[in-house]
>>> print(open('upload.cif').read())   # mmCIF, C-alpha atoms and all ligand atoms
data_query
loop_
_atom_site.label_atom_id
_atom_site.label_comp_id
_atom_site.auth_asym_id
_atom_site.auth_seq_id
_atom_site.Cartn_x
_atom_site.Cartn_y
_atom_site.Cartn_z
CA MET A 170 6.75 14.48 91.53
CA SER A 171 4.19 11.81 92.26
CA THR A 172 2.00 10.91 89.28
CA ILE A 173 -1.00 8.64 88.74
CA ARG A 174 0.37 5.20 87.84
CA SER A 175 -2.71 3.03 87.64
CA ILE A 176 -6.46 3.08 88.14
CA THR A 177 -8.43 -0.07 88.89
CA ILE A 178 -12.18 -0.22 88.26
CA THR A 179 -13.82 -3.20 89.96
CA GLU A 180 -17.38 -4.21 89.13
CA PHE A 181 -19.13 -6.27 91.80
CA GLU A 182 -22.54 -7.85 92.17
CA TRP A 183 -24.72 -8.76 95.11
CA GLN A 184 -28.35 -9.47 95.81
CA PRO A 185 -29.95 -6.62 97.77
CA PRO A 186 -32.39 -7.62 100.52
CA GLY A 187 -35.93 -7.90 99.21
CA SER A 188 -34.76 -8.15 95.60
CA LYS A 189 -34.90 -11.18 93.32
CA ARG A 190 -32.17 -9.83 91.04
CA ASP A 191 -28.50 -9.08 91.51
CA SER A 192 -27.40 -5.46 91.54
CA ARG A 193 -24.10 -4.31 90.06
CA LYS A 194 -21.95 -1.41 91.32
CA PHE A 195 -18.30 -0.49 90.95
CA ALA A 196 -15.29 0.65 92.93
CA VAL A 197 -12.37 2.79 91.76
CA SER A 198 -8.86 2.76 93.17
CA ILE A 199 -6.19 5.25 92.10
CA SER A 200 -2.51 4.60 92.88
CA THR A 201 0.50 6.80 92.30
CA THR A 202 4.22 6.43 91.71
CA ASP A 203 4.69 7.36 95.40
CA ASP A 204 2.28 4.57 96.42
CA GLU A 205 -0.44 6.98 97.50
CA LEU A 206 -3.96 5.60 97.29
CA GLY A 207 -7.40 7.07 96.63
CA GLU A 208 -10.57 4.97 96.68
CA TYR A 209 -14.29 5.29 96.17
CA VAL A 210 -17.19 2.89 95.79
CA ALA A 211 -19.92 4.34 93.58
CA LEU A 212 -23.25 3.94 95.34
CA TRP A 213 -25.76 5.33 92.86
CA SER A 214 -24.19 5.65 89.40
CA ALA A 215 -24.00 2.06 88.25
CA PRO A 216 -22.84 -0.08 85.36
CA PRO A 217 -23.61 -0.51 82.52
CA LEU A 218 -23.96 3.24 81.85
CA ALA A 219 -21.23 4.69 84.05
CA VAL A 220 -18.35 2.19 83.81
CA PRO A 221 -17.38 2.69 80.14
CA GLN A 222 -17.20 6.45 80.77
CA THR A 223 -15.17 5.88 83.93
CA ILE A 224 -12.68 3.70 82.00
CA ALA A 225 -12.38 6.35 79.27
CA ALA A 226 -11.86 9.14 81.83
CA ALA A 227 -9.35 7.04 83.80
CA ARG A 228 -7.09 6.80 80.74
CA MET A 229 -6.89 10.59 80.67
CA LEU A 230 -5.62 10.72 84.26
CA ILE A 231 -2.61 8.39 83.88
CA ASN A 232 0.77 10.14 84.37
CA HIS A 233 -0.86 13.32 85.72
CA ASP A 234 -0.17 14.84 89.13
CA PRO A 235 -3.10 13.66 91.34
CA ARG A 236 -3.21 17.09 92.98
CA ASP A 237 -4.29 18.70 89.69
CA ARG A 238 -8.00 18.12 90.38
CA GLU A 239 -9.16 21.33 88.72
CA ARG A 240 -7.03 20.73 85.61
CA LEU A 241 -8.21 17.11 85.34
CA TRP A 242 -11.85 18.12 85.93
CA ASN A 243 -11.61 20.53 82.99
CA LEU A 244 -9.76 18.00 80.83
CA VAL A 245 -12.44 15.31 81.23
CA SER A 246 -15.30 17.79 81.24
CA ARG A 247 -14.26 19.01 77.80
CA ALA A 248 -13.43 15.55 76.41
CA HIS A 249 -16.78 14.07 77.52
CA ALA A 250 -18.83 17.13 76.56
CA LYS A 251 -20.89 15.14 74.05
CA ASN A 252 -21.97 12.75 76.82
CA ASP A 253 -23.53 13.19 80.26
CA ARG A 254 -20.06 12.91 81.92
CA ILE A 255 -21.35 10.69 84.75
CA GLY A 256 -18.25 8.49 84.58
CA TYR A 257 -15.95 11.08 86.12
CA GLY A 258 -17.70 11.54 89.46
CA ALA A 259 -16.20 8.45 91.11
CA LEU A 260 -12.69 9.38 89.88
CA ASP A 261 -12.89 12.96 91.16
CA ILE A 262 -14.08 11.69 94.56
CA ALA A 263 -11.19 9.17 94.66
CA LEU A 264 -8.73 12.02 93.86
CA TRP A 265 -10.10 13.97 96.84
CA ASP A 266 -9.77 10.83 98.98
CA LEU A 267 -6.17 10.47 97.81
CA ALA A 268 -5.39 14.11 98.64
CA GLY A 269 -6.91 13.81 102.09
CA ARG A 270 -5.12 10.57 102.88
CA THR A 271 -1.79 11.91 101.64
CA LEU A 272 -2.10 15.00 103.84
CA GLY A 273 -3.71 13.10 106.73
CA VAL A 274 -6.87 15.26 106.84
CA PRO A 275 -10.57 14.71 106.04
CA ILE A 276 -11.93 16.05 102.75
CA TRP A 277 -14.11 18.55 104.63
CA ALA A 278 -10.93 20.11 106.00
CA LEU A 279 -9.54 20.51 102.47
CA LEU A 280 -12.79 22.10 101.30
CA GLY A 281 -13.18 24.28 104.38
CA ARG A 282 -15.83 23.24 106.87
CA HIS A 283 -18.98 25.21 107.50
CA ARG A 284 -20.85 22.75 109.78
CA GLU A 285 -20.02 19.80 112.02
CA ARG A 286 -23.49 18.21 112.03
CA LEU A 287 -25.75 17.42 109.07
CA PRO A 288 -29.51 17.80 109.64
CA ALA A 289 -31.07 14.74 107.99
CA TYR A 290 -34.28 13.73 106.30
CA VAL A 291 -35.40 10.19 105.69
CA SER A 292 -35.89 9.62 101.97
CA THR A 293 -38.01 6.53 101.34
CA VAL A 294 -37.94 3.89 98.66
CA SER A 295 -40.97 3.84 96.36
CA GLY A 296 -43.73 1.59 97.66
CA ARG A 297 -46.09 -0.63 95.69
CA LYS A 298 -49.81 -0.79 96.29
CA GLY A 299 -50.70 -3.53 98.72
CA SER A 300 -47.22 -5.02 99.04
CA GLY A 301 -44.19 -4.52 101.27
CA ALA A 302 -43.88 -2.11 104.16
CA LEU A 303 -44.96 0.97 102.12
CA GLY A 304 -48.08 -0.32 100.41
CA SER A 305 -50.63 2.33 101.40
CA PRO A 306 -50.92 5.96 102.59
CA GLN A 307 -51.34 4.60 106.13
CA ASP A 308 -48.06 2.68 105.85
CA TYR A 309 -46.25 5.88 104.87
CA ALA A 310 -47.84 7.76 107.78
CA ASP A 311 -46.79 5.00 110.20
CA ASP A 312 -43.25 5.10 108.81
CA ALA A 313 -43.04 8.89 109.04
CA ALA A 314 -44.15 8.74 112.68
CA ALA A 315 -41.55 6.06 113.43
CA CYS A 316 -38.85 8.22 111.80
CA ALA A 317 -39.96 11.26 113.81
CA ASP A 318 -39.85 9.18 117.00
CA ARG A 319 -36.33 8.12 116.02
CA GLY A 320 -35.27 11.79 115.73
CA ALA A 321 -35.47 12.46 111.97
CA LEU A 322 -36.09 16.17 111.30
CA ALA A 323 -37.83 15.68 107.96
CA TYR A 324 -39.46 13.01 105.81
CA LYS A 325 -39.45 12.83 102.04
CA PHE A 326 -41.46 10.12 100.41
CA HIS A 327 -41.14 8.56 96.99
CA GLY A 328 -44.76 7.59 96.44
CA LEU A 329 -46.36 4.40 95.18
CA ALA A 330 -44.54 3.39 92.00
CA ASP A 331 -47.77 2.03 90.54
CA GLY A 332 -49.89 4.96 91.77
CA GLU A 333 -51.58 7.94 90.12
CA VAL A 334 -51.57 11.56 91.26
CA ALA A 335 -54.52 10.80 93.56
CA ASP A 336 -52.37 8.22 95.37
CA GLU A 337 -49.52 10.72 95.64
CA ILE A 338 -51.88 13.24 97.23
CA ALA A 339 -53.37 10.59 99.55
CA VAL A 340 -49.89 9.68 100.84
CA LEU A 341 -49.01 13.36 101.31
CA ARG A 342 -52.17 14.04 103.32
CA ALA A 343 -51.80 10.89 105.45
CA VAL A 344 -48.19 11.80 106.29
CA ALA A 345 -49.08 15.44 107.01
CA ASP A 346 -52.02 14.41 109.22
CA ARG A 347 -49.73 12.21 111.27
CA VAL A 348 -46.47 14.17 111.56
CA GLY A 349 -47.27 17.70 110.34
CA GLY A 350 -45.78 20.18 112.80
CA ARG A 351 -43.31 17.55 114.09
CA MET A 352 -41.12 17.34 111.01
CA ASP A 353 -40.69 18.90 107.57
CA ILE A 354 -42.43 16.99 104.78
CA MET A 355 -41.33 16.69 101.16
CA THR A 356 -42.54 14.70 98.16
CA ASP A 357 -40.56 13.47 95.16
CA PRO A 358 -42.53 11.93 92.28
CA GLY A 359 -39.26 11.60 90.36
CA LYS A 360 -40.85 12.98 87.15
CA ARG A 361 -43.57 10.30 87.27
CA LEU A 362 -46.55 12.64 86.69
CA SER A 363 -47.21 12.87 82.96
CA THR A 364 -49.23 16.07 82.78
CA LEU A 365 -48.82 19.60 84.05
CA ALA A 366 -52.42 19.41 85.33
CA ASP A 367 -51.52 16.47 87.59
CA ALA A 368 -48.46 18.35 88.82
CA LEU A 369 -50.65 21.36 89.67
CA ARG A 370 -53.03 19.08 91.61
CA LEU A 371 -50.15 17.74 93.67
CA GLY A 372 -48.70 21.23 94.08
CA ARG A 373 -51.96 22.57 95.51
CA ALA A 374 -51.96 19.69 98.04
CA CYS A 375 -48.35 20.58 98.96
CA ASP A 376 -49.49 24.15 99.62
CA GLU A 377 -52.39 22.92 101.76
CA VAL A 378 -50.15 20.85 104.03
CA GLY A 379 -47.26 23.36 104.05
CA ALA A 380 -44.70 21.03 102.44
CA PHE A 381 -41.06 22.07 102.81
CA TRP A 382 -40.34 21.37 99.12
CA TRP A 383 -41.69 19.36 96.23
CA GLU A 384 -39.28 17.72 93.87
CA ASP A 385 -39.25 16.78 90.17
CA PRO A 386 -43.03 16.50 89.88
CA VAL A 387 -43.50 16.37 86.13
CA ARG A 388 -42.17 14.52 83.11
CA GLY A 389 -39.86 16.35 80.74
CA ASP A 390 -37.38 19.18 81.18
CA ALA A 391 -39.44 22.05 79.76
CA PRO A 392 -38.36 25.25 81.53
CA ARG A 393 -41.79 26.83 80.87
CA ALA A 394 -43.60 23.97 82.65
CA HIS A 395 -41.53 24.57 85.75
CA GLN A 396 -42.01 28.34 85.52
CA ILE A 397 -45.79 27.78 85.44
CA LEU A 398 -45.56 25.55 88.50
CA ARG A 399 -43.57 28.21 90.34
CA GLU A 400 -46.08 30.93 89.35
CA ARG A 401 -49.05 28.98 90.72
CA ILE A 402 -47.69 26.98 93.65
CA ARG A 403 -46.22 28.49 96.81
CA THR A 404 -44.28 25.40 97.99
CA PRO A 405 -40.62 25.69 96.94
CA LEU A 406 -39.87 23.64 93.83
CA LEU A 407 -36.67 21.56 93.74
CA ILE A 408 -35.45 20.33 90.38
CA THR A 409 -32.10 19.81 88.57
CA GLU A 410 -31.41 16.29 89.87
CA PHE A 411 -32.12 15.39 86.23
CA VAL A 412 -30.24 18.35 84.74
CA ARG A 413 -26.60 17.68 83.95
CA THR A 414 -23.89 20.34 83.78
CA LEU A 415 -23.13 23.28 86.00
CA GLU A 416 -24.04 25.73 83.23
CA ALA A 417 -27.45 24.24 82.38
CA ARG A 418 -28.39 24.07 86.06
CA THR A 419 -27.34 27.65 86.69
CA ALA A 420 -29.06 28.96 83.54
CA LEU A 421 -32.28 27.22 84.56
CA ALA A 422 -32.13 28.89 87.96
CA ILE A 423 -31.52 32.32 86.40
CA ASP A 424 -34.52 31.75 84.10
CA GLY A 425 -36.81 31.16 87.08
CA GLY A 426 -37.19 27.42 86.57
CA THR A 427 -36.64 26.32 90.18
CA ASP A 428 -36.53 27.54 93.78
CA LEU A 429 -33.88 25.10 95.00
CA LEU A 430 -30.98 23.51 93.14
CA ARG A 431 -29.68 19.93 93.27
CA ALA A 432 -26.30 18.40 92.52
CA ASP A 433 -24.81 14.96 93.10
CA PRO A 434 -21.10 14.10 93.46
CA GLU A 435 -21.45 10.91 91.39
CA LEU A 436 -23.61 12.38 88.64
CA ASP A 437 -22.18 15.89 88.44
CA LEU A 438 -18.42 15.46 88.07
CA GLY A 439 -17.51 14.73 91.63
CA ILE A 440 -17.01 16.76 94.76
CA THR A 441 -15.40 19.41 92.54
CA GLY A 442 -18.59 19.63 90.47
CA VAL A 443 -20.93 19.82 93.46
CA ILE A 444 -18.94 22.61 95.11
CA LYS A 445 -18.94 24.61 91.84
CA SER A 446 -22.75 24.26 91.70
CA ALA A 447 -23.09 25.22 95.36
CA HIS A 448 -21.07 28.39 94.80
CA ALA A 449 -23.06 29.24 91.67
CA ALA A 450 -26.24 28.84 93.74
CA GLU A 451 -24.73 30.98 96.50
CA ALA A 452 -24.09 33.78 94.02
CA LEU A 453 -27.75 33.61 92.98
CA GLY A 454 -28.89 33.69 96.60
CA MET A 455 -30.26 30.16 96.31
CA ASP A 456 -29.84 26.95 98.27
CA LEU A 457 -28.32 23.80 96.81
CA GLU A 458 -29.45 20.44 98.18
CA VAL A 459 -26.91 17.62 97.77
CA HIS A 460 -28.53 14.56 96.21
CA ALA A 461 -28.44 11.09 97.83
CA ALA A 462 -26.50 9.55 100.71
CA GLY A 463 -22.83 8.63 101.02
CA PRO A 464 -19.50 9.82 102.40
CA ALA A 465 -18.84 12.17 99.46
CA GLN A 466 -22.22 13.83 100.03
CA ARG A 467 -21.43 14.31 103.73
CA HIS A 468 -18.11 16.04 103.01
CA CYS A 469 -19.77 18.29 100.41
CA MET A 470 -22.64 19.30 102.70
CA ALA A 471 -20.19 20.04 105.50
CA ALA A 472 -18.53 22.66 103.31
CA ILE A 473 -21.69 24.37 101.93
CA ARG A 474 -23.47 27.18 103.78
CA ASN A 475 -26.49 27.47 101.51
CA THR A 476 -27.96 24.00 102.03
CA ASN A 477 -30.61 22.50 104.30
CA TYR A 478 -30.78 18.72 104.58
CA TYR A 479 -28.82 15.50 104.16
CA GLU A 480 -30.77 12.94 102.11
CA LEU A 481 -30.65 9.74 104.16
CA GLY A 482 -31.95 7.32 101.58
CA LEU A 483 -33.33 5.28 100.19
CA LEU A 484 -34.85 3.75 103.32
CA ASP A 485 -37.40 0.96 103.61
CA PRO A 486 -39.07 0.51 107.02
CA GLU A 487 -38.32 -3.24 106.98
CA LEU A 488 -35.25 -3.61 104.79
CA GLY A 489 -33.13 -0.66 105.96
CA ASN A 490 -31.23 0.76 102.98
CA PRO A 491 -31.58 -2.11 100.50
CA ALA A 492 -29.84 -0.50 97.51
CA MET A 493 -26.72 0.37 99.52
CA PRO A 494 -24.02 -2.30 99.04
CA PRO A 495 -22.49 -3.45 102.38
CA VAL A 496 -19.02 -2.19 101.45
CA TYR A 497 -17.88 -0.54 104.70
CA ALA A 498 -15.54 -2.33 107.10
CA GLY A 499 -16.09 0.12 109.95
CA ASP A 500 -19.22 1.41 111.62
CA TYR A 501 -20.24 3.79 108.80
CA VAL A 502 -23.94 3.29 108.04
CA GLU A 503 -26.66 4.88 105.89
CA ASP A 504 -29.77 3.66 107.69
CA LEU A 505 -32.00 5.16 110.38
CA SER A 506 -29.37 4.44 113.03
CA ALA A 507 -27.11 7.06 111.35
CA ILE A 508 -29.37 9.76 112.83
CA ASP A 509 -28.45 10.92 116.32
CA PRO A 510 -31.79 11.18 118.17
CA ALA A 511 -30.33 14.01 120.26
CA ASP A 512 -30.21 16.47 117.34
CA GLY A 513 -31.62 14.68 114.27
CA CYS A 514 -28.27 14.93 112.51
CA VAL A 515 -25.82 12.53 110.91
CA SER A 516 -22.12 12.90 111.63
CA LEU A 517 -19.12 13.81 109.52
CA PRO A 518 -16.49 11.14 108.86
CA ASP A 519 -13.39 12.25 110.75
CA GLY A 520 -10.59 10.14 109.26
CA PRO A 521 -8.26 11.15 106.43
CA GLY A 522 -9.80 11.49 102.97
CA LEU A 523 -13.36 10.18 102.80
CA GLY A 524 -12.86 8.82 106.32
CA VAL A 525 -14.41 5.43 105.57
CA THR A 526 -12.73 2.01 105.37
CA TYR A 527 -13.86 -0.30 102.61
CA ASP A 528 -14.36 -4.02 103.16
CA THR A 529 -12.04 -5.13 100.35
CA ASP A 530 -12.56 -8.83 101.20
CA TRP A 531 -16.31 -8.45 100.60
CA ILE A 532 -15.75 -6.51 97.37
CA THR A 533 -13.22 -9.12 96.13
CA ALA A 534 -15.61 -11.96 96.96
CA HIS A 535 -18.34 -10.29 94.88
CA THR A 536 -16.19 -9.07 91.96
CA VAL A 537 -17.42 -9.92 88.45
CA ALA A 538 -15.09 -7.75 86.32
CA THR A 539 -11.83 -5.86 86.83
CA HIS A 540 -10.37 -3.18 84.55
CA VAL A 541 -6.79 -2.06 85.24
CA ILE A 542 -5.82 1.15 83.46
CA THR A 543 -2.07 1.89 83.23
CA GLU A 544 -1.75 3.51 79.80
CA PRO A 545 -3.19 6.80 78.58
MG MG B 601 -35.10 13.12 93.77
#
>>> encode(input="upload.cif", output="structure tokens", more="lines below")
Ligand SMILES: [Mg+2]
Amino acid sequence: MSTIRSITITEFEWQPPGSKRDSRKFAVSISTTDDELGEYVALWSAPPLAVPQTIAAARMLINHDPRDRERLWNLVSRAHAKNDRIGYGALDIALWDLAGRTLGVPIWALLGRHRERLPAYVSTVSGRKGSGALGSPQDYADDAAACADRGALAYKFHGLADGEVADEIAVLRAVADRVGGRMDIMTDPGKRLSTLADALRLGRACDEVGAFWWEDPVRGDAPRAHQILRERIRTPLLITEFVRTLEARTALAIDGGTDLLRADPELDLGITGVIKSAHAAEALGMDLEVHAAGPAQRHCMAAIRNTNYYELGLLDPELGNPAMPPVYAGDYVEDLSAIDPADGCVSLPDGPGLGVTYDTDWITAHTVATHVITEP
């Protein structure tokens, strides 16, 4: 029987375009006694918060059969129950990659494919007033029109980081004036609004322009606040990007706290965790939107019926996808060119496992710390 022999966690740093500071991410690599390999580069969950948890979870996997994904998911889920468990996502994804590579099939084939093409929305970076390519409502409207011309089916903006609710509404109206009727429009304040009254103001504007969804409008996790928003606003509310655990997310949905659910393979215990949430949502008759861009997200969305859009983000009109480390050796991309103008969709990786090839030379050249785990 093949067992997990070692797990390497590699932290690397690079300077994203447009940034004055280095950004740090990490890669995981799982190898077995039969020399099988599973890899994943975490794109969104970053050190310093995720790596210590990933190291702790990796120790629990040594000497186990790599095919025991459900057993291992439960093992780590219980052991890390006093934490947010974000360290396990990258390891679960690498175990799926290993399984796919060993069997010579893509992860979507292991999960069971529902769709070949992934309808995509452009998800923007947050702008800043008067600076960069998204410095005003007009800039956002110009960008939305350019994305529509390029074939994007929907546009979700993260508003001005230094703006108030009035700025959020101004961007929404400018975008709707320009591209309303051509593409779906969504807004995501990312919990920036500090009062329920501000959230209601934005919600009424969403209703006026017929927004497709509005996401995480208000600070805090109070279920009652979100129930009030749902009672008064017609636009579907999407929360749970900030709610960890399958059970909490599902309970919130049952209690009427959201219209649409969210889960993320890096933040929510891997591909295994996202598929559990998707099936829980399916049983409730609800849709689950997979959070963020990346190969793991694409495989998940391919295998979920009750979902709408792939989040192609976070895009900047001038810088492309600045937060995405250039870790792919092949032609896999997460910028506007990933959208096929013919149908507004992004494609599914077709190779074994995740179906992407990592540029190990680039990662090695940018490595700042390596942790090799061989003992439980
Ligand atoms: Mg969001």
>>> residues_around(input="upload.cif", residues="A:Ile508", least_positions_apart="2", cutoff="12 Å", atoms="only C-alpha atoms", output="ChimeraX atom specification")
/A:286-291,316-323,479-482,501-506,510-517
>>> residues_around(input="upload.cif", residues="A:Gly299", least_positions_apart="5", cutoff="12 Å", atoms="all atoms listed in the file", output="count of residues only")
9
>>> closest_residue(input="upload.cif", among="A:Ala471, A:Leu484, A:Ala492, A:Ala196", to="A:Lys325", atoms="all atoms listed in the file")
A:Leu484
>>> residues_near_ligand(input="upload.cif", ligand="ligand MG 601 (chain B)", cutoff="7 Å", atoms="only C-alpha atoms and all ligand atoms", output="PyMOL selection string")
chain A and resi 357+359+384-385+410
>>> closest_atom_pairs(input="upload.cif", of="stretch 350-467 of chain A", to="stretch 219-234 of chain A", cutoff="12 Å", atoms="all atoms listed in the file", output="CSV")
residue,atom,partner,partner_atom,distance
A:Glu435,CA,A:Ala219,CA,9.6
A:Leu436,CA,A:Ala219,CA,9.3
A:Leu438,CA,A:Thr223,CA,10.9
A:Gly439,CA,A:Thr223,CA,12.0
>>> closest_residue(input="upload.cif", among="A:Ala366, A:Met355, A:Leu406, A:Ala278", to="A:Ala380", atoms="only C-alpha atoms")
A:Met355
>>> atom_distance(input="upload.cif", atom1="atom CA of A:Asn475", atom2="atom CA of A:Leu415")
16.4 Å
>>> atom_distance(input="upload.cif", atom1="atom CA of A:Gly389", atom2="atom CA of A:Asp336")
20.9 Å
>>> closest_residue(input="upload.cif", among="A:Ala420, A:Ala472, A:Ala259, A:Val387", to="A:Leu212", atoms="only C-alpha atoms")
A:Ala259
>>> residues_around(input="upload.cif", residues="A:Leu421", least_positions_apart="6", cutoff="10 Å", atoms="only C-alpha atoms", output="PyMOL selection string")
chain A and resi 392+395-396+408-409+412+427+430
>>> residues_around(input="upload.cif", residues="A:Ala268", least_positions_apart="6", cutoff="8 Å", atoms="all atoms listed in the file", output="PDB file with C-alpha atoms, keeping the file's coordinate frame")
ATOM      1  CA  GLY A 207      -7.400   7.070  96.630  1.00  0.00           C
ATOM      2  CA  PRO A 235      -3.100  13.660  91.340  1.00  0.00           C
ATOM      3  CA  ARG A 236      -3.210  17.090  92.980  1.00  0.00           C
ATOM      4  CA  ILE A 276     -11.930  16.050 102.750  1.00  0.00           C
ATOM      5  CA  GLY A 522      -9.800  11.490 102.970  1.00  0.00           C
TER       6      GLY A 522
END
>>> atom_distance(input="upload.cif", atom1="atom CA of A:Ala313", atom2="atom CA of A:Pro486")
9.5 Å
>>> residues_near_point(input="upload.cif", point="(-27.6, 21.5, 98.6)", cutoff="6 Å", atoms="only C-alpha atoms", output="number ranges by chain")
A: 431, 456-459, 476
>>> residues_around(input="upload.cif", residues="A:Thr201", least_positions_apart="5", cutoff="7 Å", atoms="all atoms listed in the file", output="CSV table (one decimal) with C-alpha atoms, keeping the file's coordinate frame")
chain,number,residue,atom,x,y,z
A,171,SER,CA,4.2,11.8,92.3
A,172,THR,CA,2.0,10.9,89.3
A,173,ILE,CA,-1.0,8.6,88.7
A,174,ARG,CA,0.4,5.2,87.8
A,175,SER,CA,-2.7,3.0,87.6
A,206,LEU,CA,-4.0,5.6,97.3
>>> closest_residue(input="upload.cif", among="A:Pro518, A:Ala302, A:Asp253, A:Trp277", to="A:Phe411", atoms="all atoms listed in the file")
A:Asp253
